[in-house]
file my_file-v1.tsv (TSV, C-alpha atoms)
chain	number	residue	atom	x	y	z
A	1	MET	CA	24.83	148.87	60.60
A	2	GLN	CA	26.38	147.02	57.66
A	3	THR	CA	27.40	149.23	54.77
A	4	SER	CA	26.87	148.25	51.15
A	5	PRO	CA	29.92	146.67	49.49
A	6	PRO	CA	31.64	148.48	46.62
A	7	PRO	CA	30.70	147.56	43.03
A	8	LEU	CA	32.00	144.14	42.02
A	9	PRO	CA	34.62	144.28	39.24
A	10	TRP	CA	33.62	142.49	36.04
A	11	LEU	CA	36.40	140.61	34.25
A	12	GLU	CA	36.64	140.05	30.53
A	13	PRO	CA	38.61	137.00	29.35
A	14	GLY	CA	42.32	137.70	29.79
A	15	ASP	CA	41.86	140.54	32.30
A	16	ASP	CA	44.09	140.65	35.37
A	17	PHE	CA	42.51	140.02	38.76
A	18	PRO	CA	42.07	142.97	41.09
A	19	PRO	CA	44.37	143.01	44.14
A	20	VAL	CA	43.03	140.59	46.75
A	21	THR	CA	42.93	143.48	49.22
A	22	GLN	CA	39.90	144.70	47.26
A	23	ALA	CA	37.83	141.62	48.16
A	24	TRP	CA	34.64	142.35	50.05
A	25	GLU	CA	35.22	142.30	53.79
A	26	GLY	CA	32.66	142.58	56.55
A	27	HIS	CA	29.83	141.67	54.19
A	28	SER	CA	27.84	138.88	55.82
A	29	GLU	CA	26.55	137.28	52.62
A	30	ALA	CA	29.74	137.25	50.56
A	31	PRO	CA	32.91	137.86	52.60
A	32	GLY	CA	35.94	137.50	50.37
A	33	LEU	CA	34.15	138.01	47.05
A	34	LEU	CA	36.60	139.69	44.69
A	35	ALA	CA	35.32	139.73	41.11
A	36	ALA	CA	32.95	138.18	38.58
A	37	GLY	CA	33.28	137.09	34.98
A	38	GLY	CA	36.41	136.03	33.17
A	39	GLN	CA	36.94	132.45	32.12
A	40	LEU	CA	37.92	129.05	33.56
A	41	ASP	CA	40.74	128.10	31.22
A	42	VAL	CA	44.00	126.62	32.54
A	43	PRO	CA	46.11	129.83	32.44
A	44	THR	CA	43.42	131.82	34.26
A	45	LEU	CA	42.97	129.17	36.95
A	46	CYS	CA	46.72	128.86	37.51
A	47	LYS	CA	47.05	132.63	37.81
A	48	ALA	CA	44.12	132.76	40.22
A	49	TYR	CA	45.49	130.12	42.56
A	50	ALA	CA	48.95	131.66	42.46
A	51	GLU	CA	47.36	134.86	43.78
A	52	GLY	CA	45.25	133.13	46.42
A	53	ILE	CA	42.01	133.36	44.43
A	54	PHE	CA	39.57	130.57	43.67
A	55	PRO	CA	36.28	130.27	41.72
A	56	TRP	CA	33.04	129.35	43.48
A	57	PHE	CA	29.58	129.85	42.02
A	58	SER	CA	26.29	128.07	41.51
A	59	ALA	CA	24.21	127.25	38.47
A	60	GLY	CA	22.71	130.39	36.94
A	61	GLN	CA	25.45	132.66	38.34
A	62	PRO	CA	28.43	134.14	36.50
A	63	ILE	CA	31.89	132.93	37.47
A	64	LEU	CA	32.61	134.37	40.91
A	65	TRP	CA	36.15	134.72	42.27
A	66	TRP	CA	36.98	134.73	45.99
A	67	SER	CA	39.88	135.49	48.32
A	68	PRO	CA	38.68	135.45	51.95
A	69	ASP	CA	40.61	136.91	54.86
A	70	PRO	CA	41.26	135.07	57.10
A	71	ARG	CA	41.95	131.91	55.14
A	72	MET	CA	41.25	128.37	56.36
A	73	VAL	CA	44.47	126.35	56.18
A	74	LEU	CA	45.54	122.91	57.35
A	75	ASP	CA	49.10	122.93	58.65
A	76	VAL	CA	49.98	119.30	57.90
A	77	ALA	CA	52.11	119.12	61.05
A	78	LYS	CA	48.95	119.85	63.08
A	79	PHE	CA	46.66	117.29	61.45
A	80	ARG	CA	44.45	115.75	64.14
A	81	LEU	CA	44.22	111.98	63.90
A	82	HIS	CA	41.29	111.20	66.18
A	83	ARG	CA	41.01	107.80	67.83
A	84	SER	CA	38.19	106.59	65.56
A	85	LEU	CA	40.09	107.54	62.40
A	86	ARG	CA	43.26	105.98	63.78
A	87	LYS	CA	41.43	102.68	64.19
A	88	THR	CA	39.92	103.00	60.72
A	89	LEU	CA	43.36	103.57	59.19
A	90	GLN	CA	44.86	100.64	61.07
A	91	LYS	CA	42.16	98.34	59.73
A	92	PHE	CA	42.39	99.83	56.23
A	93	ARG	CA	46.14	99.34	56.01
A	94	ALA	CA	45.93	95.79	57.32
A	95	THR	CA	43.15	94.66	54.96
A	96	PRO	CA	44.07	93.18	51.56
A	97	GLY	CA	42.40	95.02	48.71
A	98	CYS	CA	42.43	98.37	50.52
A	99	GLU	CA	44.71	100.97	48.99
A	100	VAL	CA	45.24	104.65	48.24
A	101	ARG	CA	45.96	105.74	44.70
A	102	ILE	CA	46.71	109.12	43.16
A	103	ASP	CA	45.52	110.31	39.76
A	104	THR	CA	44.10	107.00	38.53
A	105	ALA	CA	40.45	108.14	38.47
A	106	PHE	CA	40.37	111.93	38.49
A	107	ASP	CA	37.27	112.17	36.30
A	108	GLN	CA	35.36	109.78	38.57
A	109	VAL	CA	36.45	111.66	41.70
A	110	ILE	CA	35.39	115.10	40.52
A	111	GLN	CA	32.11	113.72	39.17
A	112	ALA	CA	31.39	112.14	42.57
A	113	CYS	CA	32.35	115.37	44.33
A	114	SER	CA	29.99	117.29	42.07
A	115	SER	CA	27.13	115.24	43.50
A	116	SER	CA	28.13	115.91	47.12
A	117	PRO	CA	27.04	119.24	48.66
A	118	ARG	CA	29.46	121.21	50.80
A	119	GLU	CA	28.94	121.20	54.54
A	120	GLY	CA	25.93	123.33	55.43
A	121	GLN	CA	24.70	123.61	51.83
A	122	SER	CA	21.81	121.88	50.09
A	123	GLY	CA	23.25	121.93	46.56
A	124	THR	CA	26.54	121.49	44.80
A	125	TRP	CA	28.85	124.26	43.63
A	126	ILE	CA	30.73	122.02	41.18
A	127	VAL	CA	28.66	122.87	38.13
A	128	PRO	CA	29.41	121.24	34.73
A	129	ALA	CA	31.63	124.17	33.68
A	130	MET	CA	33.77	123.62	36.79
A	131	VAL	CA	34.02	119.88	36.14
A	132	GLN	CA	35.20	120.55	32.59
A	133	ALA	CA	37.68	123.21	33.73
A	134	TYR	CA	39.30	121.08	36.42
A	135	ARG	CA	39.53	118.08	34.12
A	136	ALA	CA	41.54	120.31	31.79
A	137	LEU	CA	43.62	121.48	34.75
A	138	HIS	CA	44.29	117.82	35.61
A	139	ARG	CA	45.36	117.01	32.07
A	140	ALA	CA	47.75	119.97	32.26
A	141	GLY	CA	49.29	118.53	35.46
A	142	PHE	CA	47.93	121.07	37.95
A	143	ALA	CA	45.03	119.14	39.53
A	144	HIS	CA	45.23	115.77	41.27
A	145	SER	CA	42.96	113.18	42.84
A	146	VAL	CA	43.69	111.17	45.99
A	147	GLU	CA	41.55	108.05	45.93
A	148	THR	CA	40.41	105.42	48.45
A	149	TRP	CA	39.94	102.00	46.88
A	150	VAL	CA	38.48	98.81	48.38
A	151	ASP	CA	38.52	95.58	46.37
A	152	GLY	CA	38.86	97.49	43.13
A	153	ARG	CA	36.01	99.91	43.94
A	154	LEU	CA	36.44	103.66	44.32
A	155	VAL	CA	34.76	104.37	47.67
A	156	GLY	CA	36.01	107.89	48.43
A	157	GLY	CA	38.51	110.56	47.60
A	158	LEU	CA	39.32	114.19	47.06
A	159	TYR	CA	40.81	116.45	44.45
A	160	CYS	CA	43.16	119.38	44.79
A	161	VAL	CA	45.14	121.91	42.80
A	162	ALA	CA	48.93	122.06	43.06
A	163	LEU	CA	51.40	124.69	41.85
A	164	GLY	CA	54.87	123.49	42.76
A	165	GLN	CA	54.46	122.59	46.43
A	166	ALA	CA	51.49	124.91	46.98
A	167	VAL	CA	48.49	122.63	47.50
A	168	PHE	CA	44.88	123.83	47.41
A	169	GLY	CA	42.19	121.43	48.58
A	170	GLU	CA	38.95	121.55	46.65
A	171	SER	CA	36.35	118.90	47.49
A	172	MET	CA	35.93	115.35	48.74
A	173	PHE	CA	33.33	112.57	48.71
A	174	ALA	CA	32.68	109.26	50.45
A	175	ARG	CA	30.66	106.19	49.55
A	176	ALA	CA	31.86	104.31	52.64
A	177	THR	CA	32.40	105.41	56.23
A	178	ASP	CA	35.53	107.58	56.62
A	179	ALA	CA	36.61	106.98	53.00
A	180	SER	CA	37.16	110.70	52.38
A	181	LYS	CA	39.02	111.06	55.68
A	182	ILE	CA	41.34	108.23	54.65
A	183	ALA	CA	42.09	110.13	51.43
A	184	LEU	CA	42.77	113.32	53.39
A	185	ALA	CA	45.06	111.48	55.81
A	186	ALA	CA	46.91	110.07	52.80
A	187	LEU	CA	47.27	113.57	51.34
A	188	VAL	CA	48.68	114.75	54.68
A	189	CYS	CA	51.20	111.90	54.59
A	190	PHE	CA	52.10	112.76	50.99
A	191	CYS	CA	52.62	116.40	51.93
A	192	ARG	CA	54.78	115.56	54.94
A	193	GLN	CA	56.83	113.15	52.83
A	194	HIS	CA	57.57	115.90	50.29
A	195	GLY	CA	58.05	118.82	52.66
A	196	ILE	CA	54.74	120.49	51.80
A	197	ARG	CA	53.70	122.57	54.80
A	198	GLN	CA	50.07	123.44	54.28
A	199	ILE	CA	46.88	122.54	52.45
A	200	ASP	CA	44.55	125.39	51.57
A	201	CYS	CA	41.01	124.66	52.78
A	202	GLN	CA	39.54	127.96	51.52
A	203	GLN	CA	36.67	128.37	53.99
A	204	ASN	CA	35.99	127.52	57.61
A	205	THR	CA	33.88	124.43	58.34
A	206	ARG	CA	33.42	122.45	61.53
A	207	HIS	CA	34.63	119.29	59.81
A	208	LEU	CA	37.93	120.83	58.71
A	209	SER	CA	38.40	122.51	62.07
A	210	SER	CA	37.98	119.17	63.83
A	211	LEU	CA	40.86	117.80	61.76
A	212	GLY	CA	43.21	120.62	62.73
A	213	ALA	CA	42.60	123.29	60.10
A	214	GLN	CA	42.74	126.87	61.36
A	215	GLU	CA	42.13	130.35	60.04
A	216	VAL	CA	45.25	132.38	59.29
A	217	PRO	CA	45.67	135.92	57.96
A	218	ARG	CA	45.48	136.00	54.18
A	219	ALA	CA	48.88	137.73	54.03
A	220	SER	CA	50.50	134.80	55.87
A	221	PHE	CA	48.77	132.31	53.61
A	222	LEU	CA	49.93	134.12	50.48
A	223	ALA	CA	53.52	134.35	51.74
A	224	GLU	CA	53.59	130.56	52.09
A	225	VAL	CA	52.01	130.12	48.65
A	226	ARG	CA	54.73	132.28	47.09
A	227	ARG	CA	57.44	130.23	48.80
A	228	ALA	CA	55.88	126.86	47.97
A	229	ARG	CA	55.31	127.69	44.30
A	230	GLN	CA	59.08	128.00	43.85
A	231	ALA	CA	59.81	124.61	45.47
A	232	PRO	CA	60.49	121.51	43.34
A	233	LEU	CA	57.41	119.79	41.94
A	234	PRO	CA	56.76	116.48	43.77
A	235	LEU	CA	55.94	113.27	41.94
A	236	TRP	CA	52.22	112.79	42.52
A	237	HIS	CA	52.21	109.12	43.41
A	238	PHE	CA	51.33	107.41	46.69
A	239	GLU	CA	53.49	104.73	48.27
A	240	PRO	CA	52.37	102.72	51.33
A	241	LEU	CA	55.58	103.73	53.09
A	242	TYR	CA	54.23	107.29	53.22
A	243	TRP	CA	51.94	106.16	56.05
A	244	LYS	CA	55.04	106.28	58.25
A	245	GLN	CA	54.47	110.05	58.37
A	246	LEU	CA	51.68	109.29	60.84
A	247	THR	CA	53.60	106.72	62.92
A	248	ALA	CA	53.75	109.10	65.88
A	249	THR	CA	50.02	108.47	66.30
A	250	LEU	CA	49.38	105.43	64.11
A	251	SER	CA	50.85	102.06	65.08
A	252	GLU	CA	51.99	99.63	62.46
A	253	PRO	CA	49.40	97.01	61.42
A	254	THR	CA	50.00	93.47	62.64
call {"tool": "encode", "arguments": {"input": "my_file-v1.tsv", "output": "structure tokens"}}
result
Amino acid sequence: MQTSPPPLPWLEPGDDFPPVTQAWEGHSEAPGLLAAGGQLDVPTLCKAYAEGIFPWFSAGQPILWWSPDPRMVLDVAKFRLHRSLRKTLQKFRATPGCEVRIDTAFDQVIQACSSSPREGQSGTWIVPAMVQAYRALHRAGFAHSVETWVDGRLVGGLYCVALGQAVFGESMFARATDASKIALAALVCFCRQHGIRQIDCQQNTRHLSSLGAQEVPRASFLAEVRRARQAPLPLWHFEPLYWKQLTATLSEPT
């Protein structure tokens, strides 16, 4: 029989987060829920991510803060490049007008993501307050977009948060087949190029699992976050030569 979770801490603006070990565990409806309230300004968001905490809430709810255990993480060395995606990337790289860019259309990317529901959900969690908050985080240099472009059109992409070399994936969208997967593959190449070991995926989904993401103990995830935050900040820019990071499984275009 499932026991009732303890009372959820309510945060006032500027309050510290509770220890992540106090997050709800074993509660089927909200595993990993840590606190409610607070605010979505840049300092609060940076502090949250540094402690392995992220916001996730729907319209009509207060700000909800989460830190699940285990944590879904993509070890970039274990990224699975399936045959269909390999062929898609080969064609993409060989086709004039197809390119990956970083941070040239962040506002468009997060707006498109806000219209795309998460896997297994009917609505979006990227409410207007979240869009505004992450745009501010981008302007402060802590949020980035990886974009798939075809003939000058934005056809897919993703956005993430980065503190030093600690990278936290947030959401992705696609307006063309595999456009979001191309952006993720590019992010993996970027991470490998700069010695970034993992991308936080927050929660387990079949899609992420199929690409090589796995659940790890929260303590292990946080240890890597602490290490990566102290590493030199990479230059968030994508060069075509970064695709070489997948050459073990991706042949050069002819």
call {"tool": "closest_residue", "arguments": {"input": "my_file-v1.tsv", "among": "A:Asp107, A:Glu25, A:Glu12, A:Glu170", "to": "Gln132 in chain A", "atoms": "all atoms listed in the file"}}
result
A:Asp107
call {"tool": "closest_residue", "arguments": {"input": "my_file-v1.tsv", "among": "A:Ser58, A:Gln193, A:Ser180, A:Thr95", "to": "Pro128 in chain A", "atoms": "all atoms listed in the file"}}
result
A:Ser58
call {"tool": "residues_around", "arguments": {"input": "my_file-v1.tsv", "residues": "Phe92 in chain A", "least_positions_apart": "2", "cutoff": "10 Å", "atoms": "all atoms listed in the file", "output": "PyMOL selection string"}}
result
chain A and resi 86-90+94-100+148-150+179+182+253
call {"tool": "closest_residue", "arguments": {"input": "my_file-v1.tsv", "among": "A:Val42, A:Ile53, A:Ala77, A:Ala59", "to": "Ala136 in chain A", "atoms": "all atoms listed in the file"}}
result
A:Val42
call {"tool": "residues_around", "arguments": {"input": "my_file-v1.tsv", "residues": "range 156-162 of chain A", "least_positions_apart": "6", "cutoff": "10 Å", "atoms": "all atoms listed in the file", "output": "number ranges by chain"}}
result
A: 45-46, 49-50, 100-103, 105-110, 112-113, 134, 137-138, 141-150, 168-184, 186-187, 199-201, 228-229, 233-234, 236
call {"tool": "atom_distance", "arguments": {"input": "my_file-v1.tsv", "atom1": "CA of Pro9 in chain A", "atom2": "CA of Gln230 in chain A"}}
result
29.7 Å
call {"tool": "closest_residue", "arguments": {"input": "my_file-v1.tsv", "among": "A:Lys91, A:Arg197, A:Lys47, A:Arg139", "to": "Val76 in chain A", "atoms": "all atoms listed in the file"}}
result
A:Arg197
call {"tool": "atom_distance", "arguments": {"input": "my_file-v1.tsv", "atom1": "CA of Thr104 in chain A", "atom2": "CA of Cys191 in chain A"}}
result
18.5 Å
call {"tool": "atom_distance", "arguments": {"input": "my_file-v1.tsv", "atom1": "CA of Pro240 in chain A", "atom2": "CA of Gly212 in chain A"}}
result
23.1 Å
call {"tool": "closest_residue", "arguments": {"input": "my_file-v1.tsv", "among": "A:Ser114, A:Ser4, A:Thr205, A:Ser220", "to": "Glu29 in chain A", "atoms": "all atoms listed in the file"}}
result
A:Ser4
call {"tool": "residues_around", "arguments": {"input": "my_file-v1.tsv", "residues": "Pro6 in chain A", "least_positions_apart": "4", "cutoff": "10 Å", "atoms": "all atoms listed in the file", "output": "list in words"}}
result
Gln22, Ala23 and Trp24 of chain A
call {"tool": "write_last_selection", "arguments": {"input": "my_file-v1.tsv", "atoms": "C-alpha atoms", "output": "tab-separated table (two decimals), keeping the file's coordinate frame"}}
result
chain	number	residue	atom	x	y	z
A	22	GLN	CA	39.90	144.70	47.26
A	23	ALA	CA	37.83	141.62	48.16
A	24	TRP	CA	34.64	142.35	50.05
call {"tool": "axis_aligned_box", "arguments": {"input": "my_file-v1.tsv", "around": "range 159-176 of chain A", "padding_each_side": "5 Å", "output": "lines of an AutoDock Vina configuration file"}}
result
center_x = 42.8
center_y = 114.6
center_z = 47.2
size_x = 34.2
size_y = 30.6
size_z = 20.8
call {"tool": "residues_around", "arguments": {"input": "my_file-v1.tsv", "residues": "Gly52 in chain A", "least_positions_apart": "4", "cutoff": "12 Å", "atoms": "all atoms listed in the file", "output": "VMD selection string"}}
result
chain A and resid 17 to 21 23 32 34 45 to 48 65 to 73 161 163 166 to 168 200 to 202 217 to 226 229
call {"tool": "build_atoms", "arguments": {"input": "my_file-v1.tsv", "residues": "range 52-81 of chain A", "atoms": "N, CA and C atoms", "output": "PDB file, keeping the file's coordinate frame"}}
result
ATOM      1  N   GLY A  52      46.128 133.398  45.295  1.00  0.00           N
ATOM      2  CA  GLY A  52      45.250 133.130  46.420  1.00  0.00           C
ATOM      3  C   GLY A  52      43.783 133.334  46.131  1.00  0.00           C
ATOM      4  N   ILE A  53      43.389 133.140  44.886  1.00  0.00           N
ATOM      5  CA  ILE A  53      42.010 133.360  44.430  1.00  0.00           C
ATOM      6  C   ILE A  53      41.450 132.041  43.914  1.00  0.00           C
ATOM      7  N   PHE A  54      40.185 131.793  44.177  1.00  0.00           N
ATOM      8  CA  PHE A  54      39.570 130.570  43.670  1.00  0.00           C
ATOM      9  C   PHE A  54      38.152 130.870  43.173  1.00  0.00           C
ATOM     10  N   PRO A  55      37.649 130.075  42.208  1.00  0.00           N
ATOM     11  CA  PRO A  55      36.280 130.270  41.720  1.00  0.00           C
ATOM     12  C   PRO A  55      35.288 129.470  42.557  1.00  0.00           C
ATOM     13  N   TRP A  56      34.100 130.029  42.733  1.00  0.00           N
ATOM     14  CA  TRP A  56      33.040 129.350  43.480  1.00  0.00           C
ATOM     15  C   TRP A  56      31.722 130.021  43.120  1.00  0.00           C
ATOM     16  N   PHE A  57      30.860 129.289  42.453  1.00  0.00           N
ATOM     17  CA  PHE A  57      29.580 129.850  42.020  1.00  0.00           C
ATOM     18  C   PHE A  57      28.610 128.711  41.771  1.00  0.00           C
ATOM     19  N   SER A  58      27.342 129.053  41.707  1.00  0.00           N
ATOM     20  CA  SER A  58      26.290 128.070  41.510  1.00  0.00           C
ATOM     21  C   SER A  58      25.691 128.193  40.121  1.00  0.00           C
ATOM     22  N   ALA A  59      24.884 127.222  39.770  1.00  0.00           N
ATOM     23  CA  ALA A  59      24.210 127.250  38.470  1.00  0.00           C
ATOM     24  C   ALA A  59      23.384 128.525  38.349  1.00  0.00           C
ATOM     25  N   GLY A  60      23.459 129.167  37.186  1.00  0.00           N
ATOM     26  CA  GLY A  60      22.710 130.390  36.940  1.00  0.00           C
ATOM     27  C   GLY A  60      23.463 131.649  37.319  1.00  0.00           C
ATOM     28  N   GLN A  61      24.631 131.503  37.981  1.00  0.00           N
ATOM     29  CA  GLN A  61      25.450 132.660  38.340  1.00  0.00           C
ATOM     30  C   GLN A  61      26.608 132.803  37.359  1.00  0.00           C
ATOM     31  N   PRO A  62      27.168 134.007  37.241  1.00  0.00           N
ATOM     32  CA  PRO A  62      28.430 134.140  36.500  1.00  0.00           C
ATOM     33  C   PRO A  62      29.554 133.517  37.314  1.00  0.00           C
ATOM     34  N   ILE A  63      30.719 133.381  36.712  1.00  0.00           N
ATOM     35  CA  ILE A  63      31.890 132.930  37.470  1.00  0.00           C
ATOM     36  C   ILE A  63      32.173 133.953  38.553  1.00  0.00           C
ATOM     37  N   LEU A  64      32.292 133.493  39.780  1.00  0.00           N
ATOM     38  CA  LEU A  64      32.610 134.370  40.910  1.00  0.00           C
ATOM     39  C   LEU A  64      33.963 133.965  41.474  1.00  0.00           C
ATOM     40  N   TRP A  65      34.788 134.952  41.792  1.00  0.00           N
ATOM     41  CA  TRP A  65      36.150 134.720  42.270  1.00  0.00           C
ATOM     42  C   TRP A  65      36.278 135.242  43.709  1.00  0.00           C
ATOM     43  N   TRP A  66      36.958 134.471  44.562  1.00  0.00           N
ATOM     44  CA  TRP A  66      36.980 134.730  45.990  1.00  0.00           C
ATOM     45  C   TRP A  66      38.412 134.715  46.536  1.00  0.00           C
ATOM     46  N   SER A  67      38.621 135.512  47.581  1.00  0.00           N
ATOM     47  CA  SER A  67      39.880 135.490  48.320  1.00  0.00           C
ATOM     48  C   SER A  67      39.601 135.954  49.756  1.00  0.00           C
ATOM     49  N   PRO A  68      39.084 135.053  50.595  1.00  0.00           N
ATOM     50  CA  PRO A  68      38.680 135.450  51.950  1.00  0.00           C
ATOM     51  C   PRO A  68      39.874 135.742  52.861  1.00  0.00           C
ATOM     52  N   ASP A  69      39.622 136.574  53.827  1.00  0.00           N
ATOM     53  CA  ASP A  69      40.610 136.910  54.860  1.00  0.00           C
ATOM     54  C   ASP A  69      39.867 136.961  56.194  1.00  0.00           C
ATOM     55  N   PRO A  70      40.155 136.033  57.123  1.00  0.00           N
ATOM     56  CA  PRO A  70      41.260 135.070  57.100  1.00  0.00           C
ATOM     57  C   PRO A  70      40.986 133.891  56.171  1.00  0.00           C
ATOM     58  N   ARG A  71      42.005 133.058  56.018  1.00  0.00           N
ATOM     59  CA  ARG A  71      41.950 131.910  55.140  1.00  0.00           C
ATOM     60  C   ARG A  71      42.050 130.628  55.964  1.00  0.00           C
ATOM     61  N   MET A  72      41.218 129.657  55.653  1.00  0.00           N
ATOM     62  CA  MET A  72      41.250 128.370  56.360  1.00  0.00           C
ATOM     63  C   MET A  72      42.356 127.512  55.772  1.00  0.00           C
ATOM     64  N   VAL A  73      43.281 127.080  56.624  1.00  0.00           N
ATOM     65  CA  VAL A  73      44.470 126.350  56.180  1.00  0.00           C
ATOM     66  C   VAL A  73      44.717 125.178  57.115  1.00  0.00           C
ATOM     67  N   LEU A  74      45.110 124.051  56.548  1.00  0.00           N
ATOM     68  CA  LEU A  74      45.540 122.910  57.350  1.00  0.00           C
ATOM     69  C   LEU A  74      47.059 122.839  57.332  1.00  0.00           C
ATOM     70  N   ASP A  75      47.659 123.162  58.460  1.00  0.00           N
ATOM     71  CA  ASP A  75      49.100 122.930  58.650  1.00  0.00           C
ATOM     72  C   ASP A  75      49.262 121.427  58.826  1.00  0.00           C
ATOM     73  N   VAL A  76      49.954 120.767  57.888  1.00  0.00           N
ATOM     74  CA  VAL A  76      49.980 119.300  57.900  1.00  0.00           C
ATOM     75  C   VAL A  76      50.660 118.749  59.155  1.00  0.00           C
ATOM     76  N   ALA A  77      51.488 119.558  59.803  1.00  0.00           N
ATOM     77  CA  ALA A  77      52.110 119.120  61.050  1.00  0.00           C
ATOM     78  C   ALA A  77      51.114 119.092  62.198  1.00  0.00           C
ATOM     79  N   LYS A  78      49.954 119.752  62.023  1.00  0.00           N
ATOM     80  CA  LYS A  78      48.950 119.850  63.080  1.00  0.00           C
ATOM     81  C   LYS A  78      47.702 119.034  62.772  1.00  0.00           C
ATOM     82  N   PHE A  79      47.793 118.147  61.792  1.00  0.00           N
ATOM     83  CA  PHE A  79      46.660 117.290  61.450  1.00  0.00           C
ATOM     84  C   PHE A  79      46.249 116.463  62.658  1.00  0.00           C
ATOM     85  N   ARG A  80      44.957 116.473  62.975  1.00  0.00           N
ATOM     86  CA  ARG A  80      44.450 115.750  64.140  1.00  0.00           C
ATOM     87  C   ARG A  80      43.947 114.370  63.716  1.00  0.00           C
ATOM     88  N   LEU A  81      44.624 113.357  64.196  1.00  0.00           N
ATOM     89  CA  LEU A  81      44.220 111.980  63.900  1.00  0.00           C
ATOM     90  C   LEU A  81      43.432 111.469  65.109  1.00  0.00           C
TER      91      LEU A  81
END
